[in-house]
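Peer 1: I'm passing along final18.cif; it holds mmCIF, C-alpha atoms.
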```
data_protein
#
loop_
_atom_site.label_atom_id
_atom_site.label_comp_id
_atom_site.auth_asym_id
_atom_site.auth_seq_id
_atom_site.Cartn_x
_atom_site.Cartn_y
_atom_site.Cartn_z
CA PHE A 4 5.63 -12.12 63.82
CA VAL A 5 3.57 -12.97 60.74
CA THR A 6 0.52 -11.03 61.98
CA HIS A 7 2.68 -7.95 62.56
CA LEU A 8 3.98 -8.17 58.99
CA PHE A 9 0.57 -8.85 57.50
CA PRO A 10 -2.10 -7.27 59.71
CA GLU A 11 -4.91 -8.24 57.33
CA ARG A 12 -4.51 -11.82 58.64
CA ARG A 13 -6.14 -10.69 61.90
CA SER A 14 -9.49 -10.44 60.13
CA PRO A 15 -11.91 -13.39 60.56
CA PRO A 16 -10.28 -16.54 59.17
CA PRO A 17 -11.25 -17.42 55.59
CA ASN A 18 -12.75 -20.66 54.45
CA PHE A 19 -9.56 -22.68 54.09
CA ALA A 20 -11.32 -25.51 52.29
CA THR A 21 -12.33 -23.05 49.59
CA MET A 22 -8.80 -21.63 49.51
CA LYS A 23 -7.28 -25.06 49.04
CA CYS A 24 -9.65 -25.76 46.16
CA ILE A 25 -8.69 -22.43 44.60
CA ALA A 26 -5.00 -23.24 45.04
CA LEU A 27 -5.47 -26.60 43.30
CA VAL A 28 -7.30 -24.91 40.43
CA VAL A 29 -4.49 -22.34 40.17
CA PHE A 30 -1.87 -25.11 40.03
CA ALA A 31 -3.83 -26.92 37.32
CA LEU A 32 -4.30 -23.76 35.26
CA CYS A 33 -0.61 -22.87 35.61
CA ALA A 34 0.44 -26.33 34.48
CA ALA A 35 -1.94 -26.22 31.50
CA LEU A 36 -0.85 -22.73 30.47
CA SER A 37 2.82 -23.56 30.85
CA THR A 38 2.40 -26.71 28.74
CA ALA A 39 0.52 -24.78 26.06
CA LEU A 40 3.24 -22.15 25.90
CA GLN A 41 5.92 -24.85 25.77
CA VAL A 42 4.17 -26.52 22.83
CA ARG A 43 3.97 -23.16 21.10
CA ARG A 44 7.77 -22.83 21.36
CA THR A 45 8.30 -26.33 19.93
CA PRO A 46 9.45 -26.35 16.27
CA ALA A 47 6.60 -27.07 13.90
CA GLY A 48 8.32 -30.18 12.53
CA LEU A 49 8.39 -31.80 15.95
CA ARG A 50 4.75 -31.26 16.82
CA THR A 51 2.29 -34.10 16.54
CA ARG A 52 0.26 -33.76 13.39
CA LEU A 53 -3.40 -34.32 14.14
CA PRO A 54 -5.94 -35.35 11.49
CA PRO A 55 -8.36 -32.63 10.36
CA LEU A 56 -11.63 -32.42 12.24
CA PHE A 57 -13.69 -32.28 9.08
CA ILE A 58 -12.86 -34.26 5.96
CA SER A 59 -14.46 -34.29 2.55
CA ASP A 60 -15.79 -37.83 2.75
CA ALA A 61 -18.78 -37.61 5.09
CA GLU A 62 -18.76 -41.36 5.68
CA LYS A 63 -15.26 -41.11 7.19
CA ASN A 64 -16.19 -38.30 9.55
CA PRO A 65 -16.70 -39.92 12.98
CA PHE A 66 -19.07 -37.14 14.04
CA THR A 67 -21.62 -38.14 11.39
CA SER A 68 -21.82 -41.74 12.62
CA VAL A 69 -22.34 -41.09 16.33
CA ASN A 70 -25.66 -42.40 17.60
CA PHE A 71 -27.01 -40.43 20.54
CA GLU A 72 -29.94 -42.73 21.28
CA ILE A 73 -30.55 -43.53 24.95
CA GLY A 74 -30.15 -47.26 24.38
CA ASP A 75 -26.77 -46.74 22.74
CA VAL A 76 -25.59 -44.57 25.65
CA LYS A 77 -26.67 -47.20 28.17
CA GLU A 78 -24.84 -49.87 26.21
CA ARG A 79 -21.67 -47.76 26.18
CA PHE A 80 -21.83 -47.23 29.94
CA THR A 81 -22.40 -50.94 30.45
CA ASP A 82 -19.28 -51.71 28.40
CA VAL A 83 -17.29 -49.21 30.47
CA PHE A 84 -18.38 -50.65 33.82
CA GLN A 85 -17.92 -54.25 32.75
CA GLY A 86 -14.49 -53.46 31.34
CA ALA A 87 -13.47 -51.64 34.52
CA GLN A 88 -14.66 -54.56 36.66
CA LYS A 89 -12.69 -57.00 34.55
CA ASN A 90 -9.57 -54.82 34.61
CA LEU A 91 -9.67 -54.63 38.42
CA GLN A 92 -9.30 -58.41 38.56
CA GLU A 93 -6.62 -58.59 35.89
CA GLY A 94 -2.94 -59.01 36.74
CA GLU A 95 -1.17 -59.98 39.93
CA ILE A 96 -1.54 -58.01 43.14
CA GLY A 97 1.61 -56.01 43.76
CA ASP A 98 2.59 -55.73 40.11
CA ARG A 99 -0.19 -53.41 38.92
CA GLY A 100 0.84 -50.22 40.74
CA GLU A 101 -1.80 -50.34 43.46
CA GLY A 102 -0.01 -47.61 45.43
CA TRP A 103 -0.56 -45.08 42.66
CA ALA A 104 -4.25 -45.97 42.40
CA LEU A 105 -4.79 -45.74 46.17
CA GLY A 106 -2.93 -42.44 46.30
CA GLN A 107 -5.16 -41.07 43.56
CA VAL A 108 -8.33 -42.18 45.36
CA PHE A 109 -7.09 -40.73 48.66
CA LEU A 110 -6.29 -37.32 47.16
CA ILE A 111 -9.61 -37.16 45.31
CA ALA A 112 -11.42 -37.99 48.57
CA CYS A 113 -9.50 -35.25 50.41
CA ILE A 114 -10.42 -32.74 47.72
CA ALA A 115 -14.06 -33.80 47.92
CA VAL A 116 -14.29 -33.38 51.71
CA GLY A 117 -12.17 -30.23 51.68
CA GLY A 118 -9.17 -31.27 53.77
CA LEU A 119 -6.85 -33.92 55.14
CA PRO A 120 -8.20 -36.13 57.91
CA VAL A 121 -6.67 -35.76 61.41
CA VAL A 122 -3.57 -33.81 60.33
CA GLY A 123 -5.29 -31.27 58.08
CA GLY A 124 -4.97 -28.39 60.56
CA LEU A 125 -1.30 -29.11 61.23
CA VAL A 126 -0.50 -29.31 57.52
CA LEU A 127 -2.23 -25.98 56.91
CA ALA A 128 -0.38 -24.34 59.81
CA VAL A 129 3.00 -25.57 58.56
CA THR A 130 2.48 -25.11 54.82
CA GLY A 131 2.39 -21.30 54.73
CA PRO A 132 5.38 -20.55 56.99
CA GLY A 133 7.24 -23.56 55.60
CA LEU A 134 6.92 -22.39 52.00
CA PHE A 135 7.72 -18.80 52.95
CA LEU A 136 10.85 -19.52 55.03
CA GLY A 137 12.00 -22.37 52.81
CA GLY A 138 11.67 -20.20 49.73
CA LEU A 139 13.61 -17.34 51.31
CA SER A 140 16.38 -19.70 52.37
CA LEU A 141 16.60 -21.18 48.88
CA ILE A 142 16.80 -17.70 47.31
CA VAL A 143 19.65 -16.67 49.61
CA TRP A 144 21.51 -19.93 49.02
CA ALA A 145 21.17 -19.64 45.24
CA CYS A 146 22.24 -15.98 45.17
CA LEU A 147 25.34 -16.76 47.23
CA GLU A 148 26.16 -19.61 44.85
CA LEU A 149 25.72 -17.40 41.79
CA GLY A 150 27.95 -14.65 43.12
CA PRO A 151 28.91 -12.17 40.35
CA ASN A 152 26.77 -14.12 37.84
CA LEU A 153 23.57 -12.76 39.43
CA THR A 154 21.52 -10.59 37.07
CA PRO A 155 17.79 -9.76 36.75
CA PHE A 156 17.95 -10.11 32.97
CA PRO A 157 17.53 -13.32 30.96
CA LYS A 158 20.78 -12.69 29.08
CA PRO A 159 23.78 -13.95 31.08
CA VAL A 160 26.60 -11.54 31.85
CA ASP A 161 29.72 -11.67 29.69
CA THR A 162 31.73 -13.25 32.51
CA ASN A 163 29.06 -15.84 33.26
CA THR A 164 30.22 -19.26 34.43
CA LEU A 165 27.94 -22.31 34.43
CA LYS A 166 26.89 -23.22 37.97
CA THR A 167 26.15 -26.89 38.65
CA THR A 168 26.89 -27.09 42.39
CA GLY A 169 24.95 -26.23 45.54
CA PRO A 170 21.24 -25.72 44.80
CA TYR A 171 22.04 -25.84 41.07
CA ALA A 172 22.87 -29.51 41.45
CA LEU A 173 19.23 -30.06 42.48
CA MET A 174 17.38 -27.69 40.13
CA ARG A 175 18.29 -25.38 37.27
CA HIS A 176 16.48 -22.30 38.62
CA PRO A 177 16.51 -22.37 42.44
CA THR A 178 15.96 -18.60 42.76
CA TYR A 179 12.71 -18.90 40.80
CA THR A 180 11.67 -21.95 42.79
CA GLY A 181 12.24 -19.92 45.97
CA LEU A 182 10.23 -16.96 44.64
CA ILE A 183 7.30 -19.20 43.73
CA ALA A 184 7.42 -20.87 47.16
CA VAL A 185 7.48 -17.49 48.92
CA ALA A 186 4.53 -16.27 46.85
CA PHE A 187 2.37 -19.29 47.63
CA GLY A 188 3.48 -19.22 51.27
CA LEU A 189 2.33 -15.61 51.62
CA GLY A 190 -0.98 -16.51 50.04
CA VAL A 191 -1.56 -19.26 52.61
CA ILE A 192 -0.28 -17.23 55.59
CA THR A 193 -2.44 -14.19 54.88
CA GLY A 194 -5.44 -16.14 53.64
CA SER A 195 -5.42 -14.08 50.44
CA VAL A 196 -7.04 -15.57 47.36
CA GLU A 197 -5.57 -12.71 45.32
CA ARG A 198 -2.04 -13.64 46.43
CA LEU A 199 -2.63 -17.28 45.49
CA LEU A 200 -3.79 -16.24 42.03
CA LEU A 201 -0.83 -13.90 41.64
CA ALA A 202 1.49 -16.67 42.82
CA GLY A 203 0.16 -18.82 40.00
CA ALA A 204 0.70 -15.97 37.57
CA ILE A 205 4.32 -15.43 38.63
CA ALA A 206 4.95 -19.18 38.40
CA VAL A 207 3.89 -19.17 34.75
CA PHE A 208 5.82 -15.97 34.07
CA LEU A 209 9.02 -17.31 35.64
CA ASP A 210 8.67 -20.56 33.71
CA GLN A 211 8.68 -18.59 30.46
CA LYS A 212 11.55 -16.35 31.59
CA ALA A 213 13.57 -19.40 32.61
CA SER A 214 13.03 -20.98 29.19
CA LYS A 215 14.37 -17.83 27.54
CA GLU A 216 17.39 -17.84 29.85
CA GLU A 217 18.09 -21.46 28.98
CA GLU A 218 18.15 -20.68 25.27
CA LEU A 219 20.80 -18.02 25.88
CA LEU A 220 22.77 -20.18 28.32
CA ALA A 221 22.82 -23.04 25.80
CA GLU A 222 24.33 -20.66 23.24
CA LYS A 223 27.00 -19.57 25.70
CA HIS A 224 27.86 -22.91 27.32
CA VAL A 225 28.25 -26.15 25.37
CA ALA A 226 27.76 -28.12 28.58
CA TYR A 227 24.37 -26.59 29.34
CA ASN A 228 22.23 -29.00 27.33
CA PRO A 229 23.70 -32.12 29.02
CA TYR A 230 23.20 -30.36 32.37
CA LYS A 231 19.61 -29.56 31.37
CA GLU A 232 18.91 -33.22 30.66
CA GLU A 233 20.19 -34.35 34.06
CA VAL A 234 18.79 -31.66 36.39
CA ALA A 235 15.14 -30.67 36.86
CA LYS A 236 13.93 -27.16 36.10
CA PHE A 237 12.21 -26.12 39.36
CA ILE A 238 11.47 -29.15 41.55
CA PRO A 239 14.23 -31.68 42.30
CA ARG A 240 13.70 -35.09 40.78
CA LEU A 241 13.19 -38.08 43.01
CA PRO A 242 16.08 -40.58 42.96
#
```
Could you rewrite the structure in this file as structure tokens?

Peer 2:
Amino acid sequence: FVTHLFPERRSPPPNFATMKCIALVVFALCAALSTALQVRRTPAGLRTRLPPLFISDAEKNPFTSVNFEIGDVKERFTDVFQGAQKNLQEGEIGDRGEGWALGQVFLIACIAVGGLPVVGGLVLAVTGPGLFLGGLSLIVWACLELGPNLTPFPKPVDTNTLKTTGPYALMRHPTYTGLIAVAFGLGVITGSVERLLLAGAIAVFLDQKASKEEELLAEKHVAYNPYKEEVAKFIPRLP
């Protein structure tokens, strides 16, 4: 069915390890860009005030006191390794969050070798269709829940009612979550690097559009800000 919809997938299979690396880079860039845009929207008074890079007193400028001698660099690396070795032995086993550390090491190793051991092929085969079909289902569910509130514009309709049930009890913008999932699913199914990049672009775009919608919804509904604090934007929060 998928190959009939997207005949270009019949071409020789792409290097999926490369595609997965590209997808990870796209996710990272999208997250960084979205964060930068969010900071830009933050009122100036709430932003963290950083000290100036250059100050009049040269003795207080850290850049003028840095010693780049080889011996100094070796000493710094020695301090880092000795500190890391000491920190590994510090604390009680089970109370330090070993699961997070092991998970980080495992994911880095998978990225380095270019795939998941044993189940990598199965995960790749399920990821594309799973994202595509799951995203479509979420879009349909959210549209049915919205009913007459559905509009392509950020500004809510005059008769808009605040929806907090169905998929809106899990995330504030399920239609956008579904669109992003469909976009990434198509990129994986068709083996298209261009689609993966465009999926990242639409994710950033929808994040900005959703933020604009939320400003207008907060003006229309007093209960929106409490709802915003309790429910995640795109991905449901873990209990």

Peer 1: Between A:Ile111, A:Leu127, A:Leu149, A:Val76, which one has atoms that come closest to A:Arg175, using all atoms listed in the file?

Peer 2: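 Among the listed residues, A:Leu149 lies closest to A:Arg175.
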
Peer 1: Just the number, please: distance in Å from atom CA of A:Glu218 to atom CA of A:Gly137, one decimal.

Peer 2: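 Those two atoms sit 28.3 Å apart.
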
Peer 1: Which residues, written as a list in words, have at least one atom at most 6 Å from stretch 196-202 of chain A, with all atoms listed in the file counted and residues fewer than 6 positions away on the same chain left out?

Peer 2: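 The residues that qualify are Ala186, Phe187 and Gly190 of chain A.
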
Peer 1: For A:Cys146, please output as a count of residues only all residues within 12 Å (counting all atoms listed in the file; exclusion window: fewer than 5 positions along the same chain).

Peer 2: 17

Peer 1: Mind checking which residues fall within 10 Å of stretch 230-236 of chain A, counting all atoms listed in the file, ignoring those fewer than 2 positions away in the same chain, and posting them as a list in words?

Peer 2: Leu165, Lys166, Thr167, Tyr171, Ala172, Leu173, Met174, Arg175, His176, Pro177, Tyr179, Thr180, Asp210, Ala213, Ser214, Glu217, Ala221, Val225, Ala226, Tyr227, Asn228, Ile238, Pro239, Arg240 and Leu241 of chain A

Peer 1: Would you compute the distance between atom CA of A:Val191 and atom CA of A:Leu105? Give it in Å to one decimal.

Peer 2: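 So the two atoms, atom CA of A:Val191 and atom CA of A:Leu105, lie 27.4 Å apart.
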
Peer 1: Please measure the separation of atom CA of A:Glu216 and atom CA of A:Ala204, giving the value in Å to one decimal.

Peer 2: 18.5 Å

Peer 1: Give the answer as one residue: which of A:His224, A:Thr81, A:Phe237, A:Pro229 has the shortest atom-to-atom distance to A:Asp161, using all atoms listed in the file?

Peer 2: A:His224

Peer 1: Take the PyMOL selection byres ((chain A and resi 134) around 9), apply it to the structure above, and return the hits as a short mmCIF file (atom, residue, chain, number, x, y, z; two decimals) with C-alpha atoms, keeping the file's coordinate frame.

Peer 2:
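Contents of expr.cif, as written:
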```
data_model
loop_
_atom_site.label_atom_id
_atom_site.label_comp_id
_atom_site.auth_asym_id
_atom_site.auth_seq_id
_atom_site.Cartn_x
_atom_site.Cartn_y
_atom_site.Cartn_z
CA VAL A 129 3.00 -25.57 58.56
CA THR A 130 2.48 -25.11 54.82
CA GLY A 131 2.39 -21.30 54.73
CA PRO A 132 5.38 -20.55 56.99
CA GLY A 133 7.24 -23.56 55.60
CA PHE A 135 7.72 -18.80 52.95
CA LEU A 136 10.85 -19.52 55.03
CA GLY A 137 12.00 -22.37 52.81
CA GLY A 138 11.67 -20.20 49.73
CA LEU A 139 13.61 -17.34 51.31
CA GLY A 181 12.24 -19.92 45.97
CA ILE A 183 7.30 -19.20 43.73
CA ALA A 184 7.42 -20.87 47.16
CA VAL A 185 7.48 -17.49 48.92
CA ALA A 186 4.53 -16.27 46.85
CA PHE A 187 2.37 -19.29 47.63
CA GLY A 188 3.48 -19.22 51.27
CA LEU A 189 2.33 -15.61 51.62
#
```
